[in-house]
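With mmCIF, C-alpha atoms inside, this is upload_8.cif:
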data_structure
#
loop_
_atom_site.label_atom_id
_atom_site.label_comp_id
_atom_site.auth_asym_id
_atom_site.auth_seq_id
_atom_site.Cartn_x
_atom_site.Cartn_y
_atom_site.Cartn_z
CA MET A 27 6.04 -26.94 -93.17
CA SER A 28 8.72 -29.54 -92.65
CA ALA A 29 8.34 -32.80 -94.53
CA ARG A 30 6.34 -35.53 -92.88
CA ARG A 31 8.57 -38.25 -91.47
CA ALA A 32 7.62 -41.62 -92.93
CA TYR A 33 8.88 -44.79 -91.22
CA LEU A 34 9.69 -47.27 -93.99
CA ALA A 35 8.79 -50.62 -92.45
CA GLY A 36 9.54 -53.75 -94.42
CA PRO A 37 11.71 -56.80 -95.00
CA ASP A 38 13.86 -54.72 -97.36
CA VAL A 39 16.40 -54.57 -94.54
CA PHE A 40 17.14 -58.28 -95.16
CA LEU A 41 18.05 -57.83 -98.84
CA ASP A 42 21.74 -58.15 -99.67
CA ASP A 43 21.72 -54.60 -101.03
CA ALA A 44 19.47 -53.24 -98.29
CA ARG A 45 21.21 -49.88 -98.08
CA ALA A 46 20.80 -49.23 -101.80
CA VAL A 47 17.13 -50.24 -101.64
CA GLY A 48 16.66 -47.96 -98.65
CA ALA A 49 18.30 -45.06 -100.47
CA ALA A 50 16.03 -45.61 -103.49
CA LYS A 51 12.96 -45.61 -101.25
CA VAL A 52 14.06 -42.47 -99.44
CA ALA A 53 14.64 -40.75 -102.80
CA LEU A 54 11.13 -41.68 -103.95
CA CYS A 55 9.71 -40.42 -100.65
CA ALA A 56 11.19 -36.98 -101.28
CA ARG A 57 9.30 -36.74 -104.56
CA TYR A 58 6.04 -37.13 -102.67
CA GLY A 59 6.89 -34.73 -99.87
CA PHE A 60 8.00 -37.29 -97.32
CA ASP A 61 11.16 -37.55 -95.28
CA GLY A 62 11.72 -41.30 -95.53
CA VAL A 63 13.21 -43.01 -92.49
CA PHE A 64 14.74 -46.39 -93.32
CA PRO A 65 15.32 -48.55 -90.25
CA LEU A 66 18.79 -49.99 -90.46
CA ASP A 67 21.13 -50.47 -87.61
CA ALA A 68 23.75 -48.33 -89.34
CA GLY A 69 23.88 -45.72 -86.63
CA LEU A 70 24.04 -48.27 -83.84
CA ASP A 71 27.18 -49.40 -82.14
CA LEU A 72 26.69 -53.14 -81.82
CA ALA A 73 30.37 -53.92 -81.35
CA GLY A 74 31.08 -56.45 -78.66
CA LEU A 75 27.42 -57.31 -78.10
CA GLU A 76 26.20 -60.87 -78.05
CA PRO A 77 23.57 -61.52 -80.77
CA PHE A 78 20.63 -61.44 -78.34
CA ALA A 79 21.73 -58.13 -76.83
CA ALA A 80 22.35 -56.73 -80.31
CA GLY A 81 18.81 -57.71 -81.31
CA LEU A 82 17.40 -55.89 -78.30
CA ARG A 83 19.45 -52.80 -79.13
CA ILE A 84 18.03 -52.75 -82.67
CA SER A 85 14.50 -53.31 -81.38
CA ALA A 86 14.76 -50.37 -78.97
CA ALA A 87 16.24 -48.15 -81.69
CA ASN A 88 13.43 -49.02 -84.12
CA GLU A 89 10.77 -48.34 -81.51
CA ALA A 90 12.29 -44.91 -80.84
CA LEU A 91 12.50 -44.27 -84.58
CA MET A 92 8.81 -45.11 -84.99
CA ARG A 93 7.84 -42.74 -82.21
CA SER A 94 9.73 -40.00 -84.04
CA CYS A 95 7.77 -40.51 -87.26
CA ASP A 96 4.44 -39.07 -88.41
CA LEU A 97 3.34 -42.07 -90.44
CA ALA A 98 4.48 -45.46 -91.65
CA VAL A 99 4.67 -46.95 -95.13
CA ALA A 100 4.75 -50.70 -94.66
CA HIS A 101 6.02 -53.23 -97.20
CA LEU A 102 3.57 -56.11 -96.79
CA THR A 103 4.59 -58.53 -99.54
CA PRO A 104 4.25 -62.06 -98.12
CA PHE A 105 7.48 -63.10 -96.42
CA ARG A 106 8.36 -66.71 -95.58
CA GLY A 107 4.69 -67.63 -95.47
CA PRO A 108 1.29 -66.29 -96.50
CA SER A 109 1.55 -63.17 -94.29
CA ALA A 110 3.86 -60.20 -94.29
CA ASP A 111 7.17 -60.09 -92.39
CA ALA A 112 6.60 -60.37 -88.64
CA GLY A 113 8.74 -57.34 -87.80
CA THR A 114 6.76 -55.25 -90.26
CA VAL A 115 3.43 -56.48 -88.94
CA PHE A 116 4.58 -55.66 -85.41
CA GLU A 117 5.40 -52.15 -86.59
CA VAL A 118 2.01 -51.71 -88.25
CA GLY A 119 0.39 -52.55 -84.91
CA PHE A 120 2.75 -50.27 -83.04
CA MET A 121 2.11 -47.23 -85.24
CA ARG A 122 -1.62 -47.95 -85.32
CA ALA A 123 -1.78 -47.88 -81.51
CA LEU A 124 0.06 -44.55 -81.53
CA GLY A 125 -2.59 -43.17 -83.85
CA ARG A 126 -0.13 -42.54 -86.68
CA PRO A 127 -1.50 -43.26 -90.16
CA VAL A 128 -0.17 -46.49 -91.66
CA PHE A 129 -0.05 -47.08 -95.40
CA GLY A 130 0.64 -50.52 -96.80
CA TYR A 131 1.68 -52.01 -100.11
CA ALA A 132 2.47 -55.44 -101.49
CA ASN A 133 4.10 -56.71 -104.65
CA VAL A 134 1.72 -59.64 -104.75
CA ASP A 135 -1.92 -59.08 -105.62
CA ARG A 136 -3.62 -62.08 -104.10
CA LEU A 137 -6.00 -62.62 -101.21
CA TYR A 138 -4.90 -64.25 -97.98
CA PRO A 139 -6.92 -67.48 -98.22
CA ASP A 140 -5.53 -68.08 -101.69
CA ARG A 141 -1.99 -67.49 -100.46
CA VAL A 142 -2.56 -70.11 -97.77
CA ALA A 143 -3.92 -72.54 -100.34
CA ASP A 144 -0.77 -71.95 -102.45
CA GLY A 145 1.50 -72.74 -99.52
CA PRO A 146 3.07 -75.94 -98.24
CA GLY A 147 0.35 -76.63 -95.66
CA GLY A 148 -2.31 -76.07 -98.28
CA ALA A 149 -5.94 -75.75 -97.33
CA VAL A 150 -8.77 -78.17 -97.69
CA ALA A 151 -12.51 -77.93 -97.36
CA SER A 152 -13.57 -79.56 -94.12
CA PRO A 153 -16.92 -81.31 -93.48
CA ASP A 154 -18.36 -78.06 -92.12
CA GLY A 155 -17.67 -76.40 -95.47
CA GLU A 156 -14.97 -74.10 -94.10
CA ARG A 157 -11.47 -74.10 -95.50
CA ARG A 158 -8.98 -75.40 -92.95
CA ASP A 159 -5.21 -75.74 -93.09
CA SER A 160 -3.19 -78.86 -92.33
CA ASP A 161 -3.31 -77.99 -88.61
CA GLY A 162 -7.11 -77.92 -88.74
CA CYS A 163 -7.16 -74.15 -88.36
CA LEU A 164 -9.76 -72.06 -90.10
CA VAL A 165 -8.42 -70.21 -93.12
CA GLU A 166 -10.20 -66.93 -92.59
CA ASP A 167 -11.73 -65.49 -95.72
CA PHE A 168 -12.60 -61.83 -95.36
CA ALA A 169 -11.64 -61.00 -98.95
CA MET A 170 -8.52 -59.42 -97.51
CA ALA A 171 -4.88 -59.69 -98.53
CA ASP A 172 -3.64 -60.41 -95.01
CA ASN A 173 -4.86 -60.86 -91.45
CA LEU A 174 -7.83 -58.62 -90.70
CA MET A 175 -5.96 -56.77 -87.94
CA VAL A 176 -3.39 -55.64 -90.49
CA ILE A 177 -5.87 -54.56 -93.17
CA GLY A 178 -8.12 -52.95 -90.56
CA ALA A 179 -5.19 -50.81 -89.41
CA LEU A 180 -4.33 -49.38 -92.83
CA ALA A 181 -5.44 -45.88 -93.74
CA GLY A 182 -8.62 -46.23 -95.77
CA ASN A 183 -8.31 -49.99 -95.17
CA ARG A 184 -6.51 -50.00 -98.46
CA LEU A 185 -3.55 -52.18 -99.33
CA VAL A 186 -1.90 -50.93 -102.51
CA ALA A 187 -1.06 -54.10 -104.42
CA ALA A 188 0.64 -54.61 -107.76
CA GLU A 189 1.91 -57.91 -109.08
CA ALA A 190 5.68 -57.84 -109.62
CA ALA A 191 7.76 -60.19 -111.72
CA PRO A 192 8.80 -63.20 -109.58
CA GLY A 193 12.46 -62.16 -109.42
CA LEU A 194 11.45 -58.71 -108.20
CA ARG A 195 8.88 -59.85 -105.66
CA LEU A 196 10.59 -58.10 -102.78
CA ARG A 197 12.36 -55.38 -104.79
CA ASP A 198 9.84 -53.85 -107.16
CA LEU A 199 9.01 -50.27 -106.13
CA THR A 200 5.94 -49.78 -108.35
CA ALA A 201 3.44 -50.47 -105.57
CA PHE A 202 5.60 -48.55 -103.11
CA GLU A 203 5.44 -45.45 -105.30
CA ARG A 204 1.69 -45.81 -105.78
CA CYS A 205 1.38 -46.12 -102.03
CA LEU A 206 3.32 -42.89 -101.53
CA ALA A 207 0.95 -41.11 -103.93
CA PHE A 208 -2.02 -42.52 -102.06
CA ALA A 209 -0.51 -41.50 -98.71
CA ARG A 210 0.13 -37.94 -99.89
CA ASP A 211 -3.41 -37.58 -101.23
CA TRP A 212 -4.94 -39.19 -98.15
CA LEU A 213 -3.01 -36.96 -95.76
CA ASP A 214 -3.85 -33.89 -97.82
CA GLY A 215 -7.51 -34.80 -97.67
CA ARG A 216 -7.82 -35.44 -101.39
CA PRO A 217 -9.76 -38.32 -102.92
CA PRO A 218 -9.61 -41.22 -103.55
CA HIS A 219 -9.65 -42.42 -99.99
CA THR A 220 -11.47 -45.61 -100.65
CA ILE A 221 -10.44 -49.13 -101.49
CA GLY A 222 -9.31 -49.21 -105.07
CA MET B 1413 -8.14 -54.68 -56.25
CA SER B 1414 -9.99 -55.87 -59.32
CA ALA B 1415 -8.32 -58.56 -61.40
CA ARG B 1416 -5.96 -57.43 -64.12
CA ARG B 1417 -7.52 -57.74 -67.54
CA ALA B 1418 -5.35 -59.91 -69.79
CA TYR B 1419 -5.92 -59.83 -73.56
CA LEU B 1420 -5.42 -63.39 -74.83
CA ALA B 1421 -3.89 -62.88 -78.27
CA GLY B 1422 -3.29 -65.93 -80.40
CA PRO B 1423 -4.29 -68.11 -83.33
CA ASP B 1424 -6.46 -70.14 -80.94
CA VAL B 1425 -9.43 -68.32 -82.45
CA PHE B 1426 -8.91 -70.35 -85.64
CA LEU B 1427 -9.17 -73.76 -83.95
CA ASP B 1428 -12.36 -75.69 -84.62
CA ASP B 1429 -13.12 -75.70 -80.89
CA ALA B 1430 -11.96 -72.13 -80.35
CA ARG B 1431 -14.61 -71.32 -77.77
CA ALA B 1432 -13.69 -74.30 -75.60
CA VAL B 1433 -10.01 -73.42 -75.84
CA GLY B 1434 -10.82 -69.84 -74.92
CA ALA B 1435 -12.85 -70.97 -71.91
CA ALA B 1436 -9.96 -73.19 -70.75
CA LYS B 1437 -7.53 -70.28 -71.05
CA VAL B 1438 -9.84 -67.91 -69.18
CA ALA B 1439 -10.23 -70.51 -66.40
CA LEU B 1440 -6.45 -70.81 -66.09
CA CYS B 1441 -6.15 -67.02 -66.00
CA ALA B 1442 -8.43 -66.85 -62.97
CA ARG B 1443 -6.07 -69.16 -61.07
CA TYR B 1444 -3.29 -66.63 -61.53
CA GLY B 1445 -5.34 -63.57 -60.68
CA PHE B 1446 -6.13 -62.47 -64.22
CA ASP B 1447 -9.40 -61.66 -65.90
CA GLY B 1448 -8.78 -63.32 -69.26
CA VAL B 1449 -10.27 -61.64 -72.31
CA PHE B 1450 -10.53 -63.98 -75.30
CA PRO B 1451 -11.03 -62.16 -78.60
CA LEU B 1452 -13.82 -63.84 -80.47
CA ASP B 1453 -16.44 -62.14 -82.52
CA ALA B 1454 -19.17 -63.73 -80.45
CA GLY B 1455 -20.60 -60.48 -79.20
CA LEU B 1456 -20.54 -58.89 -82.62
CA ASP B 1457 -23.47 -58.66 -84.95
CA LEU B 1458 -21.97 -59.52 -88.32
CA ALA B 1459 -25.26 -60.46 -89.94
CA GLY B 1460 -25.71 -59.11 -93.41
CA LEU B 1461 -22.17 -57.82 -93.68
CA GLU B 1462 -19.97 -58.62 -96.65
CA PRO B 1463 -16.79 -60.49 -95.61
CA PHE B 1464 -14.55 -57.43 -95.95
CA ALA B 1465 -16.86 -55.29 -93.81
CA ALA B 1466 -17.16 -58.10 -91.27
CA GLY B 1467 -13.36 -58.28 -91.05
CA LEU B 1468 -13.17 -54.56 -90.37
CA ARG B 1469 -15.83 -54.85 -87.68
CA ILE B 1470 -13.83 -57.59 -85.94
CA SER B 1471 -10.61 -55.58 -86.25
CA ALA B 1472 -12.20 -52.52 -84.65
CA ALA B 1473 -13.70 -54.63 -81.86
CA ASN B 1474 -10.35 -56.27 -81.10
CA GLU B 1475 -8.57 -52.92 -81.03
CA ALA B 1476 -11.13 -51.60 -78.54
CA LEU B 1477 -10.78 -54.79 -76.49
CA MET B 1478 -7.01 -54.36 -76.34
CA ARG B 1479 -7.35 -50.78 -75.17
CA SER B 1480 -9.57 -52.05 -72.35
CA CYS B 1481 -6.94 -54.51 -71.12
CA ASP B 1482 -4.03 -54.08 -68.72
CA LEU B 1483 -1.71 -56.57 -70.36
CA ALA B 1484 -1.54 -59.15 -73.12
CA VAL B 1485 -0.60 -62.81 -73.09
CA ALA B 1486 0.35 -63.70 -76.65
CA HIS B 1487 0.41 -67.19 -78.13
CA LEU B 1488 3.47 -67.08 -80.39
CA THR B 1489 3.76 -70.66 -81.64
CA PRO B 1490 4.85 -70.49 -85.31
CA PHE B 1491 1.81 -70.27 -87.54
CA ARG B 1492 1.87 -70.99 -91.30
CA GLY B 1493 5.54 -70.15 -91.43
CA PRO B 1494 8.54 -69.59 -89.15
CA SER B 1495 6.95 -66.65 -87.31
CA ALA B 1496 3.90 -66.32 -85.11
CA ASP B 1497 0.41 -65.56 -86.43
CA ALA B 1498 0.28 -62.13 -88.09
CA GLY B 1499 -2.78 -60.99 -86.13
CA THR B 1500 -1.06 -61.89 -82.87
CA VAL B 1501 2.17 -60.15 -83.86
CA PHE B 1502 0.15 -57.05 -84.77
CA GLU B 1503 -1.42 -57.16 -81.33
CA VAL B 1504 1.95 -57.51 -79.60
CA GLY B 1505 3.06 -54.33 -81.37
CA PHE B 1506 -0.21 -52.58 -80.56
CA MET B 1507 -0.06 -53.32 -76.82
CA ARG B 1508 3.65 -52.54 -76.70
CA ALA B 1509 3.03 -49.07 -78.15
CA LEU B 1510 0.33 -48.50 -75.53
CA GLY B 1511 2.87 -49.34 -72.84
CA ARG B 1512 0.93 -52.36 -71.59
CA PRO B 1513 3.12 -55.32 -70.59
CA VAL B 1514 3.12 -58.13 -73.13
CA PHE B 1515 3.91 -61.71 -72.17
CA GLY B 1516 4.55 -64.33 -74.81
CA TYR B 1517 4.68 -68.09 -75.01
CA ALA B 1518 5.22 -70.72 -77.67
CA ASN B 1519 4.68 -74.46 -77.86
CA VAL B 1520 7.81 -74.84 -79.98
CA ASP B 1521 11.21 -74.37 -78.39
CA ARG B 1522 13.39 -73.53 -81.36
CA LEU B 1523 15.19 -70.42 -82.54
CA TYR B 1524 14.01 -68.41 -85.52
CA PRO B 1525 16.91 -69.12 -87.91
CA ASP B 1526 16.46 -72.85 -87.31
CA ARG B 1527 12.75 -72.56 -87.96
CA VAL B 1528 13.52 -70.91 -91.29
CA ALA B 1529 16.01 -73.63 -92.16
CA ASP B 1530 13.31 -76.23 -91.41
CA GLY B 1531 10.85 -74.54 -93.74
CA PRO B 1532 10.08 -74.94 -97.43
CA GLY B 1533 12.31 -72.07 -98.54
CA GLY B 1534 15.14 -73.43 -96.46
CA ALA B 1535 18.26 -71.41 -95.86
CA VAL B 1536 21.70 -71.71 -97.32
CA ALA B 1537 25.05 -70.22 -96.50
CA SER B 1538 25.87 -67.56 -99.06
CA PRO B 1539 29.38 -66.60 -100.22
CA ASP B 1540 29.49 -63.85 -97.58
CA GLY B 1541 29.07 -66.50 -94.87
CA GLU B 1542 25.58 -65.30 -93.91
CA ARG B 1543 22.56 -67.58 -94.01
CA ARG B 1544 20.14 -66.49 -96.71
CA ASP B 1545 16.73 -67.83 -97.70
CA SER B 1546 15.62 -68.80 -101.20
CA ASP B 1547 14.74 -65.14 -101.88
CA GLY B 1548 18.29 -64.11 -101.03
CA CYS B 1549 17.16 -62.49 -97.81
CA LEU B 1550 19.32 -62.57 -94.73
CA VAL B 1551 18.11 -65.06 -92.11
CA GLU B 1552 18.71 -62.94 -89.05
CA ASP B 1553 20.32 -64.80 -86.20
CA PHE B 1554 19.99 -62.98 -82.91
CA ALA B 1555 19.56 -66.19 -80.91
CA MET B 1556 15.89 -65.28 -80.68
CA ALA B 1557 12.76 -67.35 -81.22
CA ASP B 1558 11.12 -64.82 -83.53
CA ASN B 1559 11.70 -61.43 -85.13
CA LEU B 1560 13.66 -59.12 -82.83
CA MET B 1561 10.82 -56.58 -82.68
CA VAL B 1562 8.59 -59.25 -81.13
CA ILE B 1563 11.13 -60.54 -78.61
CA GLY B 1564 12.24 -57.01 -77.78
CA ALA B 1565 8.64 -56.11 -76.91
CA LEU B 1566 8.09 -58.92 -74.41
CA ALA B 1567 8.28 -58.23 -70.70
CA GLY B 1568 11.75 -59.22 -69.58
CA ASN B 1569 12.45 -60.05 -73.26
CA ARG B 1570 11.41 -63.52 -72.26
CA LEU B 1571 9.47 -65.92 -74.43
CA VAL B 1572 8.17 -68.83 -72.37
CA ALA B 1573 8.71 -71.86 -74.60
CA ALA B 1574 7.92 -75.52 -74.05
CA GLU B 1575 7.97 -78.18 -76.72
CA ALA B 1576 4.52 -79.76 -77.18
CA ALA B 1577 3.69 -83.04 -78.85
CA PRO B 1578 3.17 -82.47 -82.61
CA GLY B 1579 -0.58 -83.04 -82.44
CA LEU B 1580 -0.91 -80.48 -79.66
CA ARG B 1581 1.34 -77.84 -81.20
CA LEU B 1582 -1.36 -75.17 -81.14
CA ARG B 1583 -3.39 -76.55 -78.24
CA ASP B 1584 -1.03 -77.43 -75.41
CA LEU B 1585 -1.51 -75.05 -72.47
CA THR B 1586 1.66 -75.96 -70.54
CA ALA B 1587 3.66 -72.99 -71.78
CA PHE B 1588 0.58 -70.75 -71.47
CA GLU B 1589 0.24 -71.61 -67.79
CA ARG B 1590 3.96 -71.07 -67.18
CA CYS B 1591 3.59 -67.73 -68.91
CA LEU B 1592 0.73 -66.76 -66.59
CA ALA B 1593 2.89 -67.61 -63.58
CA PHE B 1594 5.73 -65.53 -65.01
CA ALA B 1595 3.35 -62.64 -65.76
CA ARG B 1596 1.95 -62.67 -62.24
CA ASP B 1597 5.40 -62.69 -60.67
CA TRP B 1598 6.70 -60.05 -63.04
CA LEU B 1599 3.76 -57.73 -62.40
CA ASP B 1600 4.04 -58.29 -58.66
CA GLY B 1601 7.72 -57.38 -58.81
CA ARG B 1602 8.94 -60.81 -57.82
CA PRO B 1603 11.92 -62.59 -59.42
CA PRO B 1604 12.76 -64.17 -61.79
CA HIS B 1605 12.48 -61.39 -64.31
CA THR B 1606 15.25 -62.50 -66.54
CA ILE B 1607 15.48 -64.71 -69.55
CA GLY B 1608 15.10 -68.28 -68.44
#
Would you write the structure of this file as structure tokens?
Amino acid sequence: MSARRAYLAGPDVFLDDARAVGAAKVALCARYGFDGVFPLDAGLDLAGLEPFAAGLRISAANEALMRSCDLAVAHLTPFRGPSADAGTVFEVGFMRALGRPVFGYANVDRLYPDRVADGPGGAVASPDGERRDSDGCLVEDFAMADNLMVIGALAGNRLVAAEAAPGLRLRDLTAFERCLAFARDWLDGRPPHTIG
Amino acid sequence: MSARRAYLAGPDVFLDDARAVGAAKVALCARYGFDGVFPLDAGLDLAGLEPFAAGLRISAANEALMRSCDLAVAHLTPFRGPSADAGTVFEVGFMRALGRPVFGYANVDRLYPDRVADGPGGAVASPDGERRDSDGCLVEDFAMADNLMVIGALAGNRLVAAEAAPGLRLRDLTAFERCLAFARDWLDGRPPHTIG
């Protein structure tokens, strides 16, 4: 059996040493029986393209890459706000709609409403007893680490979370490796398949 | 021909008068020949469920609702950060993977890198000349209003943007209505289909 192709979604591509991080993730994937696919525009010829056209080229390439993969492992550490990186969240939705299993991990172990409360907009109790942000929007509290569409899409509805040191918030691979182990067991039909 | 079913993705569901906003959007949809579908858990029986289980029930219902729709109209105004609401971005990816046309609008007319620079983490020029955020992550600049996966997924790669008054940032329906007009024309094969 050929190795399962795992699309490695995440904001890792924005790190200044993205290629090294990608290589480290792909190497870890191999240990768990996965062929890791790290989405970087390396293979693309973007020469001469205006930025907007280059962005579209990368988008199309990533969509094709996702369709070629059997599963996704999504890095869902909060990114520039209380939720995960938008590109990654898009990709979770994309793979979910294709029926490919999506596994998620985060290097922050904190529930979404608490992340919002930590943030610049904060969150206050309104007269109706609900927590609302500075825009007056309900801060949904489903005891989930991110928006319910994201958590609902994850295999086993399980986000693998492990708190990393602040300086390693986007780089720590502890939760990533645990997520790979969970993905292997889940796909092989071995327990635990439940929220842990 | 029955009206096209349009899934109305957006953070509108978090507003304190979400049902009224939804009704206003559905009424506008009818004017443009769409059967607007506003995702609210109204029809769901969540009684007795723990929050986590209730979240999963809503997620499953919204996924089924999306599958029942012909297109999506996504509200992509920045939400708790420089990107759109995570649930909405998930839904853009989901509908894109299903091959259903996705139309997007925002009540803020500003490019993504500038939104990041406005935010709490800010963005600074690094020694390599690239803009990086306080985590050292590249602030991608593709002259796009949000992550390239989101913009790349929109019909015509066009985000309909109109600047709303600050107090109406999440409520103004000007850009929404323009987006409906664009969606109708696009689906009917009429110009303009290009970025405007």
Would you give me, as a PyMOL selection string, the residues of chain A that come within 8 Å of chain B, using only C-alpha atoms? chain A and resi 40-42+77-82+84-86+106-110+112-113+115-124+142+146-147+162-170+173-179
Exercise: residues within 8 Å of coordinate (3.6, -45.9, -97.7), counting all atoms listed in the file, as a ChimeraX atom specification: /A:32,34,98-101,128-131,202-203,205-206,208-209
Residues near Asn1519 of chain B, cut-off 9 Å, all atoms listed in the file, skip fewer than 2 positions along chain, as a tab-separated table (two decimals) with C-alpha atoms, keeping the file's coordinate frame:
chain	number	residue	atom	x	y	z
B	1487	HIS	CA	0.41	-67.19	-78.13
B	1488	LEU	CA	3.47	-67.08	-80.39
B	1489	THR	CA	3.76	-70.66	-81.64
B	1490	PRO	CA	4.85	-70.49	-85.31
B	1517	TYR	CA	4.68	-68.09	-75.01
B	1521	ASP	CA	11.21	-74.37	-78.39
B	1572	VAL	CA	8.17	-68.83	-72.37
B	1573	ALA	CA	8.71	-71.86	-74.60
B	1574	ALA	CA	7.92	-75.52	-74.05
B	1575	GLU	CA	7.97	-78.18	-76.72
B	1576	ALA	CA	4.52	-79.76	-77.18
B	1577	ALA	CA	3.69	-83.04	-78.85
B	1580	LEU	CA	-0.91	-80.48	-79.66
B	1581	ARG	CA	1.34	-77.84	-81.20
B	1582	LEU	CA	-1.36	-75.17	-81.14
B	1583	ARG	CA	-3.39	-76.55	-78.24
B	1584	ASP	CA	-1.03	-77.43	-75.41
B	1585	LEU	CA	-1.51	-75.05	-72.47
B	1586	THR	CA	1.66	-75.96	-70.54
B	1587	ALA	CA	3.66	-72.99	-71.78
B	1588	PHE	CA	0.58	-70.75	-71.47
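This file, queried with the PyMOL selection byres ((chain A and resi 57) around 12), gives the residues A:Ala29, A:Ala50, A:Lys51, A:Val52, A:Ala53, A:Leu54, A:Cys55, A:Ala56, A:Tyr58, A:Gly59, A:Phe60, A:Asp61, A:Gly62, A:Glu203, A:Arg204, A:Leu206, A:Ala207, A:Arg210.
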Separation of atom CA of Ala171 of chain A and atom CA of Arg136 of chain A, in Å?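 Value for the atom CA of Ala171 of chain A-atom CA of Arg136 of chain A distance: 6.2 Å.
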Could you tell me how far atom CA of Val134 of chain A sits from atom CA of Ala181 of chain A, in Å to one decimal place?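 These atoms are spaced 19.0 Å apart.
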Straight-line distance linking atom CA of Gly48 of chain A with atom CA of Leu66 of chain A, stated in Å to one decimal: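 So the answer is 8.7 Å.
Nearest residue to Leu1477 of chain B, choosing from B:Arg1543, B:Arg1417, B:Arg1602, B:Arg1570 and counting all atoms listed in the file: B:Arg1417.
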Given 4 Å of margin on each side, can you work out the centre and size in Å (one decimal) of an axis-aligned box holding every listed atom of segment 39-48 of chain A, as lines of an AutoDock Vina configuration file?
center_x = 19.1
center_y = -53.1
center_z = -98.2
size_x = 13.3
size_y = 18.3
size_z = 15.3
